[in-house]
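Data from run13.cif: mmCIF, C-alpha atoms
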```cif
data_run
#
loop_
_atom_site.group_PDB
_atom_site.id
_atom_site.type_symbol
_atom_site.label_atom_id
_atom_site.label_comp_id
_atom_site.auth_asym_id
_atom_site.auth_seq_id
_atom_site.Cartn_x
_atom_site.Cartn_y
_atom_site.Cartn_z
ATOM 1 C CA MET Y 1 11.016 -3.102 -6.845
ATOM 2 C CA LYS Y 2 10.874 0.288 -8.505
ATOM 3 C CA ILE Y 3 9.648 0.610 -12.055
ATOM 4 C CA GLN Y 4 11.559 3.129 -14.138
ATOM 5 C CA SER Y 5 8.675 4.244 -16.292
ATOM 6 C CA VAL Y 6 9.127 6.166 -19.515
ATOM 7 C CA TYR Y 7 5.380 6.294 -20.133
ATOM 8 C CA ALA Y 8 3.512 9.486 -19.386
ATOM 9 C CA PRO Y 9 -0.218 9.651 -20.163
ATOM 10 C CA ARG Y 10 -1.394 12.424 -22.459
ATOM 11 C CA ASP Y 11 -4.508 13.197 -20.439
ATOM 12 C CA LEU Y 12 -6.643 12.050 -17.517
ATOM 13 C CA ALA Y 13 -8.741 9.758 -19.702
ATOM 14 C CA GLU Y 14 -5.628 7.911 -20.881
ATOM 15 C CA LEU Y 15 -4.341 7.601 -17.320
ATOM 16 C CA MET Y 16 -7.647 6.190 -16.094
ATOM 17 C CA ALA Y 17 -7.915 3.901 -19.121
ATOM 18 C CA GLN Y 18 -4.534 2.460 -18.129
ATOM 19 C CA ALA Y 19 -5.676 2.062 -14.528
ATOM 20 C CA TYR Y 20 -8.851 0.337 -15.718
ATOM 21 C CA ALA Y 21 -6.841 -2.002 -17.954
ATOM 22 C CA LEU Y 22 -4.590 -2.966 -15.022
ATOM 23 C CA GLU Y 23 -7.594 -3.721 -12.817
ATOM 24 C CA ARG Y 24 -9.295 -5.830 -15.511
ATOM 25 C CA GLU Y 25 -6.079 -7.727 -16.178
ATOM 26 C CA ALA Y 26 -5.835 -8.499 -12.460
ATOM 27 C CA VAL Y 27 -9.428 -9.788 -12.495
ATOM 28 C CA GLU Y 28 -8.606 -12.122 -15.382
ATOM 29 C CA ARG Y 29 -5.297 -13.355 -13.971
ATOM 30 C CA TYR Y 30 -6.619 -13.980 -10.464
ATOM 31 C CA GLY Y 31 -9.546 -15.829 -12.039
ATOM 32 C CA GLU Y 32 -7.134 -17.963 -14.069
ATOM 33 C CA LEU Y 33 -5.096 -18.727 -10.962
ATOM 34 C CA ALA Y 34 -8.291 -19.686 -9.131
ATOM 35 C CA ASP Y 35 -9.210 -22.032 -11.971
ATOM 36 C CA VAL Y 36 -5.772 -23.675 -11.924
ATOM 37 C CA LEU Y 37 -5.973 -24.262 -8.179
ATOM 38 C CA ALA Y 38 -9.578 -25.503 -8.344
ATOM 39 C CA THR Y 39 -8.535 -27.981 -11.040
ATOM 40 C CA HIS Y 40 -5.960 -29.355 -8.619
ATOM 41 C CA ASN Y 41 -8.556 -29.492 -5.837
ATOM 42 C CA ASN Y 42 -6.924 -26.709 -3.825
ATOM 43 C CA GLN Y 43 -10.245 -25.043 -3.050
ATOM 44 C CA GLU Y 44 -8.968 -22.860 -0.197
ATOM 45 C CA VAL Y 45 -6.442 -21.028 -2.355
ATOM 46 C CA ALA Y 46 -8.816 -20.983 -5.337
ATOM 47 C CA ALA Y 47 -11.381 -19.203 -3.149
ATOM 48 C CA LEU Y 48 -8.764 -16.667 -2.059
ATOM 49 C CA PHE Y 49 -7.865 -15.876 -5.677
ATOM 50 C CA ARG Y 50 -11.576 -15.518 -6.500
ATOM 51 C CA ARG Y 51 -11.943 -13.055 -3.633
ATOM 52 C CA LEU Y 52 -8.984 -11.058 -4.946
ATOM 53 C CA ALA Y 53 -10.495 -11.081 -8.452
ATOM 54 C CA SER Y 54 -13.779 -9.816 -7.045
ATOM 55 C CA GLN Y 55 -12.060 -6.923 -5.285
ATOM 56 C CA GLU Y 56 -10.194 -5.960 -8.445
ATOM 57 C CA ALA Y 57 -13.495 -6.061 -10.391
ATOM 58 C CA LEU Y 58 -14.975 -3.612 -7.884
ATOM 59 C CA HIS Y 59 -12.014 -1.274 -8.429
ATOM 60 C CA ALA Y 60 -12.487 -1.459 -12.208
ATOM 61 C CA THR Y 61 -16.187 -0.688 -11.855
ATOM 62 C CA GLU Y 62 -15.352 2.288 -9.638
ATOM 63 C CA ILE Y 63 -13.049 3.687 -12.328
ATOM 64 C CA LEU Y 64 -15.847 3.404 -14.894
ATOM 65 C CA ARG Y 65 -18.243 5.144 -12.502
ATOM 66 C CA THR Y 66 -15.801 7.889 -11.574
ATOM 67 C CA MET Y 67 -15.031 8.660 -15.200
ATOM 68 C CA GLY Y 68 -18.677 8.428 -16.287
ATOM 69 C CA TRP Y 69 -17.826 5.735 -18.831
ATOM 70 C CA THR Y 70 -20.591 3.372 -19.916
ATOM 71 C CA ARG Y 71 -18.202 0.905 -21.533
ATOM 72 C CA ALA Y 72 -14.588 -0.084 -21.174
ATOM 73 C CA PRO Y 73 -12.117 2.342 -22.723
ATOM 74 C CA GLN Y 74 -9.461 1.290 -25.205
ATOM 75 C CA PRO Y 75 -6.322 0.876 -23.098
ATOM 76 C CA PRO Y 76 -3.219 2.753 -24.205
ATOM 77 C CA ARG Y 77 -0.159 0.749 -25.220
ATOM 78 C CA VAL Y 78 2.203 0.997 -22.291
ATOM 79 C CA PRO Y 79 5.432 -0.957 -22.787
ATOM 80 C CA ASP Y 80 6.473 -0.773 -19.134
ATOM 81 C CA ALA Y 81 3.102 -1.418 -17.479
ATOM 82 C CA PRO Y 82 3.247 -3.934 -14.644
ATOM 83 C CA GLU Y 83 1.974 -7.378 -15.478
ATOM 84 C CA THR Y 84 -0.140 -9.488 -13.201
ATOM 85 C CA PRO Y 85 0.934 -13.060 -12.575
ATOM 86 C CA GLY Y 86 -0.153 -15.712 -15.032
ATOM 87 C CA PRO Y 87 -1.206 -19.296 -14.378
ATOM 88 C CA GLU Y 88 2.435 -20.408 -14.289
ATOM 89 C CA ALA Y 89 2.711 -18.633 -10.907
ATOM 90 C CA ALA Y 90 0.479 -21.294 -9.354
ATOM 91 C CA HIS Y 91 1.654 -24.562 -7.890
ATOM 92 C CA TYR Y 92 -1.001 -27.181 -7.324
ATOM 93 C CA LEU Y 93 0.080 -27.603 -3.689
ATOM 94 C CA MET Y 94 0.471 -23.920 -2.873
ATOM 95 C CA HIS Y 95 -0.913 -22.504 0.368
ATOM 96 C CA PRO Y 96 -2.910 -19.314 0.983
ATOM 97 C CA TRP Y 97 0.370 -17.678 2.025
ATOM 98 C CA HIS Y 98 1.718 -18.168 -1.505
ATOM 99 C CA ALA Y 99 -1.399 -16.671 -3.084
ATOM 100 C CA LEU Y 100 -1.131 -13.643 -0.840
ATOM 101 C CA ARG Y 101 2.569 -13.208 -1.700
ATOM 102 C CA ILE Y 102 1.762 -13.370 -5.428
ATOM 103 C CA ALA Y 103 -0.976 -10.756 -4.999
ATOM 104 C CA LEU Y 104 1.222 -8.581 -2.784
ATOM 105 C CA ASP Y 105 4.005 -8.565 -5.369
ATOM 106 C CA ALA Y 106 1.511 -7.596 -8.110
ATOM 107 C CA GLU Y 107 0.060 -4.772 -6.010
ATOM 108 C CA GLN Y 108 3.562 -3.488 -5.226
ATOM 109 C CA ARG Y 109 4.394 -3.366 -8.938
ATOM 110 C CA ALA Y 110 1.166 -1.440 -9.615
ATOM 111 C CA HIS Y 111 1.967 0.954 -6.739
ATOM 112 C CA ASP Y 112 5.442 1.594 -8.107
ATOM 113 C CA PHE Y 113 4.032 2.109 -11.612
ATOM 114 C CA PHE Y 114 1.576 4.783 -10.440
ATOM 115 C CA GLU Y 115 4.256 6.373 -8.271
ATOM 116 C CA ALA Y 116 6.483 6.744 -11.341
ATOM 117 C CA LEU Y 117 3.557 8.139 -13.334
ATOM 118 C CA ALA Y 118 2.764 10.682 -10.627
ATOM 119 C CA GLN Y 119 6.350 11.901 -10.803
ATOM 120 C CA ARG Y 120 6.115 12.343 -14.591
ATOM 121 C CA CYS Y 121 2.697 13.993 -14.826
ATOM 122 C CA GLU Y 122 3.029 17.717 -15.289
ATOM 123 C CA ALA Y 123 -0.659 18.619 -15.076
ATOM 124 C CA ASP Y 124 -1.938 18.841 -11.502
ATOM 125 C CA GLU Y 125 -5.169 16.958 -12.299
ATOM 126 C CA MET Y 126 -3.259 14.006 -13.731
ATOM 127 C CA ARG Y 127 -0.615 13.996 -11.017
ATOM 128 C CA LEU Y 128 -3.328 13.966 -8.329
ATOM 129 C CA ALA Y 129 -5.176 11.143 -10.111
ATOM 130 C CA ALA Y 130 -1.956 9.102 -10.339
ATOM 131 C CA GLN Y 131 -1.311 9.766 -6.653
ATOM 132 C CA ARG Y 132 -4.856 8.599 -5.795
ATOM 133 C CA LEU Y 133 -4.279 5.420 -7.806
ATOM 134 C CA GLN Y 134 -0.962 4.947 -6.020
ATOM 135 C CA ALA Y 135 -2.744 5.425 -2.667
ATOM 136 C CA ASP Y 136 -5.356 2.827 -3.698
ATOM 137 C CA GLU Y 137 -2.561 0.360 -4.420
ATOM 138 C CA ARG Y 138 -1.002 1.203 -1.041
ATOM 139 C CA GLU Y 139 -4.338 0.297 0.596
ATOM 140 C CA HIS Y 140 -4.334 -3.024 -1.261
ATOM 141 C CA ILE Y 141 -0.766 -3.655 -0.081
ATOM 142 C CA THR Y 142 -1.702 -2.861 3.519
ATOM 143 C CA LEU Y 143 -4.699 -5.210 3.328
ATOM 144 C CA LEU Y 144 -2.617 -8.038 1.878
ATOM 145 C CA GLU Y 145 0.112 -7.527 4.478
ATOM 146 C CA ALA Y 146 -2.529 -7.790 7.208
ATOM 147 C CA TRP Y 147 -3.884 -10.993 5.659
ATOM 148 C CA LEU Y 148 -0.354 -12.404 5.469
ATOM 149 C CA GLN Y 149 0.095 -11.868 9.205
ATOM 150 C CA ARG Y 150 -2.948 -14.067 9.865
ATOM 151 C CA VAL Y 151 -1.862 -16.883 7.541
ATOM 152 C CA PRO Y 152 0.943 -19.244 8.535
ATOM 153 C CA GLU Y 153 3.945 -19.477 6.263
ATOM 154 C CA PRO Y 154 4.091 -22.966 4.776
ATOM 155 C CA PRO Y 155 6.596 -25.400 6.236
ATOM 156 C CA ALA Y 156 9.655 -26.502 4.317
ATOM 157 C CA GLY Y 157 8.781 -29.211 1.853
ATOM 158 C CA TRP Y 158 5.252 -27.888 1.233
ATOM 159 C CA ASP Y 159 5.641 -28.711 -2.467
ATOM 160 C CA GLU Y 160 6.662 -32.341 -1.983
ATOM 161 C CA ASP Y 161 3.975 -34.689 -3.216
ATOM 162 C CA PRO Y 162 4.391 -38.389 -2.382
ATOM 163 C CA ASP Y 163 1.936 -39.199 -5.160
ATOM 164 C CA PRO Y 164 2.528 -36.575 -7.868
ATOM 165 C CA PRO Y 165 0.290 -36.330 -10.914
ATOM 166 C CA ARG Y 166 1.453 -38.445 -13.778
ATOM 167 C CA TYR Y 167 1.090 -37.256 -17.307
ATOM 168 C CA PRO Y 168 1.369 -39.491 -20.370
ATOM 169 C CA HIS Y 169 4.383 -38.788 -22.536
#
```

What do you get writing this file as structure tokens?
Amino acid sequence: MKIQSVYAPRDLAELMAQAYALEREAVERYGELADVLATHNNQEVAALFRRLASQEALHATEILRTMGWTRAPQPPRVPDAPETPGPEAAHYLMHPWHALRIALDAEQRAHDFFEALAQRCEADEMRLAAQRLQADEREHITLLEAWLQRVPEPPAGWDEDPDPPRYPH
């Protein structure tokens, strides 16, 4: 999926503020997904989402350190920024394979976003920063693809529950 971005950051600080915002959003969303799965007693997948959230938090902290920021920057408004998956992406019976696919899709969208930014940045410093961010996302993709190879794909009917939750009307 390629993102046809119209956004171009004005300077390096704005570019890195956007990158930081994407990382923090991923931390929040993966945490929410972990909470949803823990609520449904799917501890294995909840733990995987917590691990992903922890990795994204490390990336956000690295951006702060690299930029010399002592507090989170105000993120720019970017209408075509990739969104991380929300709680609706979770199914209470999902397997680790599903969690990895959700994360892989999110990382691919972030990769494509930074690729488009790198193509639009005219200043060398900004283009190189966007390319580094794109390369970071490529590393995340490679890691997730490796994890997916070690996790079995769920069998057909994985979402069938003989005793589904019942909610009062």

>> To test your reading of the syntax: which residues would the PyMOL selection byres ((chain Y and resi 92) around 7) return for the file shown? Reply as number ranges by chain.
In response: Y: 37, 40, 42, 90-91, 93-94

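Every residue that the PyMOL selection byres ((chain Y and resi 134-141) around 9) selects in this file is listed here: Ala103, Leu104, Asp105, Glu107, Gln108, Ala110, His111, Asp112, Phe113, Phe114, Glu115, Ala118, Ala129, Ala130, Gln131, Arg132, Leu133, Thr142, Leu143, Leu144, Glu145 and Ala146 of chain Y.
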
>> Please enumerate the residues selected by the PyMOL selection byres ((chain Y and resi 153) around 12) when evaluated against the supplied file, formatted as a ChimeraX atom specification.
In response: /Y:94-101,147-152,154-158

Residues of the last selection are to be written out with C-alpha atoms, as an mmCIF file, in the frame of the given file.
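So the final result, stored in part_23.cif, reads:
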```cif
data_model
loop_
_atom_site.group_PDB
_atom_site.id
_atom_site.type_symbol
_atom_site.label_atom_id
_atom_site.label_comp_id
_atom_site.auth_asym_id
_atom_site.auth_seq_id
_atom_site.Cartn_x
_atom_site.Cartn_y
_atom_site.Cartn_z
ATOM 1 C CA MET Y 94 0.471 -23.920 -2.873
ATOM 2 C CA HIS Y 95 -0.913 -22.504 0.368
ATOM 3 C CA PRO Y 96 -2.910 -19.314 0.983
ATOM 4 C CA TRP Y 97 0.370 -17.678 2.025
ATOM 5 C CA HIS Y 98 1.718 -18.168 -1.505
ATOM 6 C CA ALA Y 99 -1.399 -16.671 -3.084
ATOM 7 C CA LEU Y 100 -1.131 -13.643 -0.840
ATOM 8 C CA ARG Y 101 2.569 -13.208 -1.700
ATOM 9 C CA TRP Y 147 -3.884 -10.993 5.659
ATOM 10 C CA LEU Y 148 -0.354 -12.404 5.469
ATOM 11 C CA GLN Y 149 0.095 -11.868 9.205
ATOM 12 C CA ARG Y 150 -2.948 -14.067 9.865
ATOM 13 C CA VAL Y 151 -1.862 -16.883 7.541
ATOM 14 C CA PRO Y 152 0.943 -19.244 8.535
ATOM 15 C CA PRO Y 154 4.091 -22.966 4.776
ATOM 16 C CA PRO Y 155 6.596 -25.400 6.236
ATOM 17 C CA ALA Y 156 9.655 -26.502 4.317
ATOM 18 C CA GLY Y 157 8.781 -29.211 1.853
ATOM 19 C CA TRP Y 158 5.252 -27.888 1.233
#
```

>> Residues within 10 Å of segment 65-71 of chain Y, please, as JSON, numbers by chain. Count all atoms listed in the file; anything in the same chain fewer than 5 positions from it doesn't count.
In response: {"Y": [12, 13, 16, 17, 59, 60]}

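Between atom CA of Glu32 of chain Y and atom CA of Pro9 of chain Y lies a distance of 29.1 Å.
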
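Closest approach to Val36 of chain Y among Y:Pro164, Y:Pro73, Y:Pro82, Y:Pro87 is made by Y:Pro87 (distances from all atoms listed in the file).
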
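For the pair atom CA of Asp163 of chain Y and atom CA of Gln43 of chain Y, the separation is 18.8 Å.
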
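For the atom pair formed by atom CA of Leu48 of chain Y and atom CA of Tyr20 of chain Y, the distance is 21.8 Å, given to one decimal.
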
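Residue nearest Gly31 of chain Y within the list Y:Thr84, Y:Pro76, Y:Ile63, Y:Gln18: Y:Thr84 [criterion: smallest interatomic distance, only C-alpha atoms].
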
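For Val78 of chain Y, the set of protein, DNA and RNA residues having any atom at most 9 Å away, when counting all atoms listed in the file and skipping those fewer than 3 positions along the same chain, is Y:Tyr7, Y:Gln18, Y:Pro75, Y:Ala81.
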